[in-house]
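Each remark here refers to the structure printed beneath this line.
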Amino acid sequence: MSSVGKLVRSFVQKAQSGESSSNPPESSLYTCHDCDCVYIAIEKEICASCGIPVEQIQSTAESM
């Protein structure tokens, strides 16, 4: 399993168990319109798959 897969699994397990981090990282979603890859990262500029600049996906969720 890749390190990204392990990180995602860790976040999912914590969320399912009710654990919360006192200082969760502020990450965002990024998309590459050329190859349709989607990334979750704190910062991302270039698609790892095709080398094209990525665009941050704006959140539509309301703050709680």
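If you're wondering about the labels, chains in the structure tokens are A, B, ... by order shown, residues count from 1 in each chain, ligands from 1 in order shown.
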Can you list, as a CSV table (one decimal) with N, CA and C atoms, in the first residue's frame, every protein, DNA or RNA residue that comes within 9 Å of stretch 23-35 of chain A when you count only C-alpha atoms, leaving out same-chain residues fewer than 5 positions away?
chain,number,residue,atom,x,y,z
A,40,ILE,N,-5.4,15.4,-2.5
A,40,ILE,CA,-5.7,16.1,-1.3
A,40,ILE,C,-4.3,16.5,-0.7
A,41,ALA,N,-4.1,17.7,-0.5
A,41,ALA,CA,-2.8,18.2,-0.1
A,41,ALA,C,-2.9,19.5,0.6
A,42,ILE,N,-1.8,19.9,1.4
A,42,ILE,CA,-1.8,21.2,2.0
A,42,ILE,C,-1.5,22.2,0.9
A,43,GLU,N,-0.5,21.9,0.0
A,43,GLU,CA,-0.2,22.7,-1.1
A,43,GLU,C,0.0,21.8,-2.3
A,44,LYS,N,-0.4,22.2,-3.5
A,44,LYS,CA,-0.2,21.4,-4.7
A,44,LYS,C,-0.2,22.3,-5.9
A,45,GLU,N,0.8,22.2,-6.7
A,45,GLU,CA,0.9,23.1,-7.9
A,45,GLU,C,0.9,22.3,-9.2
A,46,ILE,N,1.6,21.2,-9.3
A,46,ILE,CA,1.8,20.4,-10.5
A,46,ILE,C,1.2,19.0,-10.3
A,47,CYS,N,0.5,18.5,-11.3
A,47,CYS,CA,0.0,17.2,-11.4
A,47,CYS,C,1.2,16.2,-11.4
A,49,SER,N,1.0,13.1,-12.3
A,49,SER,CA,0.8,12.2,-13.4
A,49,SER,C,1.2,12.8,-14.7
A,50,CYS,N,0.8,14.0,-15.0
A,50,CYS,CA,1.0,14.6,-16.4
A,50,CYS,C,1.9,15.9,-16.4
A,52,ILE,N,1.0,18.9,-15.5
A,52,ILE,CA,0.2,20.2,-15.8
A,52,ILE,C,-0.2,20.8,-14.5
A,53,PRO,N,-0.2,22.2,-14.5
A,53,PRO,CA,-0.6,22.8,-13.2
A,53,PRO,C,-2.1,22.4,-12.8
A,54,VAL,N,-2.2,22.2,-11.5
A,54,VAL,CA,-3.5,21.8,-11.0
A,54,VAL,C,-4.3,23.0,-10.5
A,55,GLU,N,-5.6,22.8,-10.2
A,55,GLU,CA,-6.4,23.9,-9.8
A,55,GLU,C,-7.1,23.5,-8.4
A,56,GLN,N,-7.1,24.4,-7.5
A,56,GLN,CA,-7.7,24.1,-6.2
A,56,GLN,C,-9.2,24.0,-6.3
A,57,ILE,N,-9.8,23.0,-5.8
A,57,ILE,CA,-11.3,22.9,-5.8
A,57,ILE,C,-11.8,23.7,-4.6
A,58,GLN,N,-12.7,24.6,-4.8
A,58,GLN,CA,-13.2,25.5,-3.8
A,58,GLN,C,-14.3,24.7,-3.0
A,59,SER,N,-14.2,24.9,-1.7
A,59,SER,CA,-15.2,24.2,-0.8
A,59,SER,C,-16.5,24.8,-0.9
